[in-house]
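*Asks:* Sharing final_37.cif (mmCIF, C-alpha atoms, pLDDT in the B column; chains and numbers go by the auth columns) below.
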```cif
data_coords
loop_
_atom_site.group_PDB
_atom_site.id
_atom_site.type_symbol
_atom_site.label_atom_id
_atom_site.label_comp_id
_atom_site.label_asym_id
_atom_site.label_seq_id
_atom_site.Cartn_x
_atom_site.Cartn_y
_atom_site.Cartn_z
_atom_site.B_iso_or_equiv
_atom_site.auth_seq_id
_atom_site.auth_asym_id
ATOM 1 C CA MET A 1 15.039 5.778 20.998 45.00 1 A
ATOM 2 C CA SER A 2 15.322 9.117 19.239 49.00 2 A
ATOM 3 C CA ASP A 3 14.611 9.512 15.537 51.00 3 A
ATOM 4 C CA ALA A 4 18.288 10.446 15.032 57.00 4 A
ATOM 5 C CA ARG A 5 19.305 6.832 15.700 80.00 5 A
ATOM 6 C CA MET A 6 16.487 5.374 13.647 86.00 6 A
ATOM 7 C CA ARG A 7 16.476 4.828 9.878 89.00 7 A
ATOM 8 C CA LEU A 8 13.516 6.726 8.420 91.00 8 A
ATOM 9 C CA LEU A 9 11.818 5.073 5.451 93.00 9 A
ATOM 10 C CA PRO A 10 9.121 7.045 3.629 96.00 10 A
ATOM 11 C CA ALA A 11 6.808 5.008 1.420 97.00 11 A
ATOM 12 C CA VAL A 12 3.628 5.359 -0.612 98.00 12 A
ATOM 13 C CA GLY A 13 0.817 2.881 -1.070 97.00 13 A
ATOM 14 C CA ALA A 14 -2.631 2.649 -2.560 98.00 14 A
ATOM 15 C CA VAL A 15 -6.036 1.303 -1.845 98.00 15 A
ATOM 16 C CA VAL A 16 -6.788 0.102 -5.377 98.00 16 A
ATOM 17 C CA VAL A 17 -10.462 -0.238 -6.300 98.00 17 A
ATOM 18 C CA ASN A 18 -11.959 -1.773 -9.443 97.00 18 A
ATOM 19 C CA ALA A 19 -15.276 -1.051 -11.189 96.00 19 A
ATOM 20 C CA GLN A 20 -17.049 -3.551 -8.910 96.00 20 A
ATOM 21 C CA ARG A 21 -15.859 -1.618 -5.819 95.00 21 A
ATOM 22 C CA GLN A 22 -13.520 -4.471 -4.867 97.00 22 A
ATOM 23 C CA ILE A 23 -10.247 -3.801 -3.061 98.00 23 A
ATOM 24 C CA LEU A 24 -6.936 -5.155 -4.381 98.00 24 A
ATOM 25 C CA LEU A 25 -4.710 -6.970 -1.907 98.00 25 A
ATOM 26 C CA VAL A 26 -1.341 -8.502 -2.765 98.00 26 A
ATOM 27 C CA HIS A 27 0.363 -11.332 -0.899 97.00 27 A
ATOM 28 C CA LYS A 28 4.004 -10.507 -0.180 94.00 28 A
ATOM 29 C CA LYS A 29 6.503 -13.390 -0.424 92.00 29 A
ATOM 30 C CA TRP A 30 8.897 -12.604 2.391 88.00 30 A
ATOM 31 C CA THR A 31 6.336 -11.480 4.959 89.00 31 A
ATOM 32 C CA ASN A 32 3.760 -14.108 3.964 93.00 32 A
ATOM 33 C CA ALA A 33 1.046 -11.497 4.504 95.00 33 A
ATOM 34 C CA TRP A 34 -1.680 -9.695 2.583 97.00 34 A
ATOM 35 C CA GLU A 35 -1.260 -5.960 2.126 97.00 35 A
ATOM 36 C CA PHE A 36 -2.114 -2.982 -0.031 97.00 36 A
ATOM 37 C CA PRO A 37 0.390 -2.379 -2.841 97.00 37 A
ATOM 38 C CA ARG A 38 3.095 -0.035 -1.562 96.00 38 A
ATOM 39 C CA GLY A 39 6.775 0.744 -1.743 95.00 39 A
ATOM 40 C CA LYS A 40 9.604 2.973 -0.584 95.00 40 A
ATOM 41 C CA THR A 41 10.070 6.485 -1.885 97.00 41 A
ATOM 42 C CA ARG A 42 13.337 7.037 -3.738 97.00 42 A
ATOM 43 C CA PRO A 43 15.455 10.103 -2.891 95.00 43 A
ATOM 44 C CA GLY A 44 14.038 13.186 -4.603 96.00 44 A
ATOM 45 C CA GLU A 45 10.817 11.459 -5.589 97.00 45 A
ATOM 46 C CA THR A 46 7.408 12.996 -4.842 97.00 46 A
ATOM 47 C CA ASP A 47 4.530 10.985 -3.391 97.00 47 A
ATOM 48 C CA GLU A 48 2.811 11.087 -6.792 96.00 48 A
ATOM 49 C CA GLU A 49 5.932 9.787 -8.576 98.00 49 A
ATOM 50 C CA THR A 50 6.318 6.994 -6.018 98.00 50 A
ATOM 51 C CA LEU A 51 2.652 6.077 -6.375 98.00 51 A
ATOM 52 C CA VAL A 52 2.847 5.781 -10.162 98.00 52 A
ATOM 53 C CA ARG A 53 6.131 3.825 -10.074 98.00 53 A
ATOM 54 C CA GLU A 54 5.228 1.450 -7.249 97.00 54 A
ATOM 55 C CA ILE A 55 1.747 0.618 -8.551 98.00 55 A
ATOM 56 C CA ALA A 56 3.235 -0.148 -11.977 97.00 56 A
ATOM 57 C CA GLU A 57 6.079 -2.221 -10.483 96.00 57 A
ATOM 58 C CA GLU A 58 3.960 -4.229 -8.047 96.00 58 A
ATOM 59 C CA THR A 59 0.706 -4.663 -9.975 97.00 59 A
ATOM 60 C CA GLY A 60 1.406 -3.813 -13.612 97.00 60 A
ATOM 61 C CA ILE A 61 -1.338 -1.171 -13.411 98.00 61 A
ATOM 62 C CA THR A 62 -0.341 1.949 -15.326 97.00 62 A
ATOM 63 C CA HIS A 63 -3.738 3.575 -15.918 97.00 63 A
ATOM 64 C CA PHE A 64 -5.645 4.713 -12.870 98.00 64 A
ATOM 65 C CA ASN A 65 -7.443 7.706 -11.423 97.00 65 A
ATOM 66 C CA ARG A 66 -6.429 9.011 -8.043 97.00 66 A
ATOM 67 C CA ALA A 67 -9.470 9.943 -5.990 95.00 67 A
ATOM 68 C CA PRO A 68 -9.263 13.482 -4.638 93.00 68 A
ATOM 69 C CA GLY A 69 -9.719 14.076 -0.948 90.00 69 A
ATOM 70 C CA PHE A 70 -8.231 10.867 0.433 95.00 70 A
ATOM 71 C CA ALA A 71 -4.793 10.394 1.942 96.00 71 A
ATOM 72 C CA GLU A 72 -4.007 8.446 5.106 97.00 72 A
ATOM 73 C CA THR A 73 -0.629 7.948 6.751 97.00 73 A
ATOM 74 C CA ILE A 74 0.466 5.064 8.948 96.00 74 A
ATOM 75 C CA ARG A 75 3.741 4.660 10.824 94.00 75 A
ATOM 76 C CA PHE A 76 5.367 1.599 12.286 91.00 76 A
ATOM 77 C CA ASP A 77 8.742 0.667 13.712 92.00 77 A
ATOM 78 C CA TYR A 78 10.693 -2.522 13.186 88.00 78 A
ATOM 79 C CA THR A 79 14.237 -3.853 13.352 90.00 79 A
ATOM 80 C CA ARG A 80 16.023 -5.363 10.351 84.00 80 A
ATOM 81 C CA ASP A 81 19.582 -6.677 10.572 87.00 81 A
ATOM 82 C CA GLY A 82 20.004 -4.919 13.915 89.00 82 A
ATOM 83 C CA VAL A 83 18.939 -1.522 12.554 89.00 83 A
ATOM 84 C CA ARG A 84 15.871 0.234 13.970 93.00 84 A
ATOM 85 C CA CYS A 85 13.600 1.479 11.192 91.00 85 A
ATOM 86 C CA ARG A 86 10.546 3.722 11.143 92.00 86 A
ATOM 87 C CA LYS A 87 8.429 3.341 8.023 92.00 87 A
ATOM 88 C CA THR A 88 5.871 6.005 7.162 96.00 88 A
ATOM 89 C CA VAL A 89 3.406 4.986 4.454 97.00 89 A
ATOM 90 C CA ARG A 90 1.096 7.523 2.822 98.00 90 A
ATOM 91 C CA PHE A 91 -1.886 5.795 1.212 98.00 91 A
ATOM 92 C CA PHE A 92 -3.995 7.137 -1.630 98.00 92 A
ATOM 93 C CA LEU A 93 -7.207 5.822 -3.162 98.00 93 A
ATOM 94 C CA ILE A 94 -6.983 4.918 -6.831 98.00 94 A
ATOM 95 C CA ARG A 95 -9.511 3.477 -9.256 98.00 95 A
ATOM 96 C CA THR A 96 -8.662 1.268 -12.218 98.00 96 A
ATOM 97 C CA THR A 97 -10.159 -1.110 -14.758 97.00 97 A
ATOM 98 C CA GLU A 98 -6.815 -2.711 -15.660 97.00 98 A
ATOM 99 C CA ASP A 99 -5.838 -6.313 -15.042 95.00 99 A
ATOM 100 C CA VAL A 100 -3.168 -7.093 -12.460 97.00 100 A
ATOM 101 C CA ARG A 101 0.275 -8.424 -13.420 96.00 101 A
ATOM 102 C CA LEU A 102 2.149 -9.186 -10.213 95.00 102 A
ATOM 103 C CA SER A 103 5.792 -8.477 -9.560 92.00 103 A
ATOM 104 C CA ASN A 104 8.103 -11.190 -8.268 92.00 104 A
ATOM 105 C CA GLU A 105 7.702 -9.678 -4.762 91.00 105 A
ATOM 106 C CA HIS A 106 4.245 -11.227 -4.516 94.00 106 A
ATOM 107 C CA THR A 107 2.820 -14.722 -4.752 95.00 107 A
ATOM 108 C CA GLU A 108 -0.802 -13.829 -5.519 96.00 108 A
ATOM 109 C CA TYR A 109 -3.422 -11.120 -5.537 98.00 109 A
ATOM 110 C CA ARG A 110 -7.112 -10.874 -4.740 97.00 110 A
ATOM 111 C CA TRP A 111 -9.908 -8.494 -5.515 98.00 111 A
ATOM 112 C CA CYS A 112 -11.864 -8.493 -2.243 97.00 112 A
ATOM 113 C CA THR A 113 -14.995 -7.128 -0.743 97.00 113 A
ATOM 114 C CA ILE A 114 -14.363 -4.637 2.019 95.00 114 A
ATOM 115 C CA ASP A 115 -15.304 -7.263 4.618 96.00 115 A
ATOM 116 C CA ASP A 116 -12.961 -9.876 3.117 97.00 116 A
ATOM 117 C CA ALA A 117 -10.112 -7.352 2.916 97.00 117 A
ATOM 118 C CA ARG A 118 -10.670 -6.460 6.572 96.00 118 A
ATOM 119 C CA LYS A 119 -10.286 -10.159 7.488 97.00 119 A
ATOM 120 C CA LEU A 120 -7.147 -10.667 5.371 98.00 120 A
ATOM 121 C CA LEU A 121 -5.174 -7.589 6.415 97.00 121 A
ATOM 122 C CA PRO A 122 -2.981 -8.621 9.360 95.00 122 A
ATOM 123 C CA HIS A 123 -2.253 -5.203 10.871 93.00 123 A
ATOM 124 C CA ALA A 124 -4.704 -2.941 12.688 95.00 124 A
ATOM 125 C CA ASN A 125 -3.275 0.203 11.086 95.00 125 A
ATOM 126 C CA GLU A 126 -4.004 -1.145 7.584 95.00 126 A
ATOM 127 C CA VAL A 127 -7.528 -2.112 8.656 96.00 127 A
ATOM 128 C CA GLU A 128 -7.916 1.469 9.879 96.00 128 A
ATOM 129 C CA VAL A 129 -6.890 2.759 6.420 97.00 129 A
ATOM 130 C CA LEU A 130 -9.592 0.530 4.952 96.00 130 A
ATOM 131 C CA THR A 131 -12.154 1.867 7.440 96.00 131 A
ATOM 132 C CA ARG A 132 -11.243 5.467 6.616 95.00 132 A
ATOM 133 C CA VAL A 133 -11.346 4.939 2.833 96.00 133 A
ATOM 134 C CA THR A 134 -14.768 3.236 2.838 93.00 134 A
ATOM 135 C CA PRO A 135 -16.812 6.494 2.721 93.00 135 A
ATOM 136 C CA HIS A 136 -14.779 7.569 -0.342 93.00 136 A
ATOM 137 C CA LEU A 137 -15.654 4.478 -2.354 89.00 137 A
#
```
Would you put the structure from the file into structure tokens?

*Replies:*
Amino acid sequence: MSDARMRLLPAVGAVVVNAQRQILLVHKKWTNAWEFPRGKTRPGETDEETLVREIAEETGITHFNRAPGFAETIRFDYTRDGVRCRKTVRFFLIRTTEDVRLSNEHTEYRWCTIDDARKLLPHANEVEVLTRVTPHL
């Protein structure tokens, strides 16, 4: 199928790391899966604006430092309500010391070791993001 007949959905996410070098994963209600915090880019929004907004909305974290030199992009296709969609998620590495306050999109969160995060993430492309971010921690 050509991209012209596919709904393109840009998004931004983050590998969130705390002072103990633990990785934040959130458990999404409707997919019943662990993931990195992320969300769709609004029209006219930059990646940086999406990052700040989505991290605040999903985790309550408003103070963080974005690590320079890390950005990874994953793409995946799916169908929702009969419409083919291609989501492109650009991930950044951010560091914070703030506590998490979950949105109503999620049922729980965990600060994980890298090994535990690798076991909880259900998709190979997210595990690959984790593998690629590890040297930057």

*Asks:* For the structure shown, which residues end up in the PyMOL selection byres ((chain A and resi 10) around 7)? Put them as a list in words, please?

*Replies:*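 Matching residues under the PyMOL selection byres ((chain A and resi 10) around 7) are Leu8, Leu9, Ala11, Lys40, Thr41, Lys87, Thr88 and Val89 of chain A.
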
*Asks:* Find the residue from A:Leu51, A:Val17, A:Ala56, A:Ile23 that sits nearest to Ser103 in chain A; use all atoms listed in the file when measuring.

*Replies:*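 Ranking A:Leu51, A:Val17, A:Ala56, A:Ile23 by distance to Ser103 in chain A, first place goes to A:Ala56.
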
*Asks:* So the first atom is CA of Arg95 in chain A and the second is CA of Trp30 in chain A; what is the distance between them in Å, to one decimal place?

*Replies:*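 Calculated distance between CA of Arg95 in chain A and CA of Trp30 in chain A is 27.1 Å.
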
*Asks:* Please, what distance in Å, to one decimal, runs between CA of Gly60 in chain A and CA of Val12 in chain A?

*Replies:*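 Between these atoms lies a distance of 16.1 Å.
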
*Asks:* Once you count only C-alpha atoms, which residues end up no further than 12 Å from (-8.2, -6.9, -12.7) in the file's frame, shown as JSON, numbers by chain?

*Replies:* {"A": [16, 17, 18, 19, 20, 21, 22, 23, 24, 25, 59, 60, 61, 63, 64, 95, 96, 97, 98, 99, 100, 101, 102, 109, 110, 111, 112]}

*Asks:* Mind checking which residues fall within 10 Å of Phe70 in chain A, counting all atoms listed in the file, ignoring those fewer than 4 positions away in the same chain, and posting them as number ranges by chain?

*Replies:* A: 66, 91-94, 132-133, 135-136

*Asks:* Check what the PyMOL selection byres ((chain A and resi 107) around 6) selects in the file above and give those residues as a PDB file with C-alpha atoms, in the coordinates of the input.

*Replies:*
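Done, and the output landed in out.pdb:
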```
ATOM      1  CA  HIS A  27       0.363 -11.332  -0.899  1.00 97.00           C
ATOM      2  CA  LYS A  29       6.503 -13.390  -0.424  1.00 92.00           C
ATOM      3  CA  HIS A 106       4.245 -11.227  -4.516  1.00 94.00           C
ATOM      4  CA  GLU A 108      -0.802 -13.829  -5.519  1.00 96.00           C
TER       5      GLU A 108
END
```

*Asks:* Between CA of Glu57 in chain A and CA of Thr31 in chain A, what is the distance, to one decimal in Å?

*Replies:*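 Computed distance, CA of Glu57 in chain A to CA of Thr31 in chain A, equals 18.0 Å.
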
*Asks:* Select all residues near (-12.2, -2.6, 1.9) (cut-off 7 Å, inclusive, file coordinates), counting only C-alpha atoms, and output them as a list of chain:residue names.

*Replies:*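 Within the cut-off we find A:Ile23, A:Thr113, A:Ile114, A:Asp115, A:Ala117, A:Arg118, A:Leu130, A:Thr134.
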
*Asks:* What does the file look like for those residues with C-alpha atoms, as an mmCIF file, in the coordinates of the input?

*Replies:*
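Written output follows (out35.cif):
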```cif
data_model
loop_
_atom_site.group_PDB
_atom_site.id
_atom_site.type_symbol
_atom_site.label_atom_id
_atom_site.label_comp_id
_atom_site.auth_asym_id
_atom_site.auth_seq_id
_atom_site.Cartn_x
_atom_site.Cartn_y
_atom_site.Cartn_z
ATOM 1 C CA ILE A 23 -10.247 -3.801 -3.061
ATOM 2 C CA THR A 113 -14.995 -7.128 -0.743
ATOM 3 C CA ILE A 114 -14.363 -4.637 2.019
ATOM 4 C CA ASP A 115 -15.304 -7.263 4.618
ATOM 5 C CA ALA A 117 -10.112 -7.352 2.916
ATOM 6 C CA ARG A 118 -10.670 -6.460 6.572
ATOM 7 C CA LEU A 130 -9.592 0.530 4.952
ATOM 8 C CA THR A 134 -14.768 3.236 2.838
#
```

*Asks:* Selected by the PyMOL selection byres ((chain A and resi 77) around 12) in the shown coordinates: which residues, as number ranges by chain?

*Replies:* A: 1, 3, 6-10, 74-76, 78-80, 83-89

*Asks:* Which residue is closest to Arg90 in chain A? Choose from A:Ala33, A:Ala14, A:Val127, A:Val52 and count all atoms listed in the file.

*Replies:*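 Ranked by minimum distance to Arg90 in chain A, first place goes to A:Ala14.
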
*Asks:* Counting all atoms listed in the file, which of A:Ile55, A:Val15, A:Ala67, A:Thr46 gets nearest to Glu128 in chain A?

*Replies:*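 Smallest distance to Glu128 in chain A is found for A:Val15.
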
*Asks:* Please enclose the listed atoms of range 117-135 of chain A in an axis-aligned box, pad each side by 4 Å, and write out the centre and the three edge lengths in Å, rounded to one decimal, as lines of an AutoDock Vina configuration file.

*Replies:*
```
center_x = -9.5
center_y = -2.1
center_z = 7.7
size_x = 22.6
size_y = 25.2
size_z = 18.0
```

*Asks:* Go through A:Pro68, A:Glu35, A:Gly44, A:Lys28 and flag the residue nearest Glu126 in chain A, using all atoms listed in the file for the distances.

*Replies:*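 Closest to Glu126 in chain A, using all atoms listed in the file: A:Glu35.
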
*Asks:* Compare A:Glu54, A:Glu48, A:Trp34, A:Ala124 by their minimum atom-to-atom distance to Ala71 in chain A, counting only C-alpha atoms, and give me the closest one.

*Replies:* A:Glu48
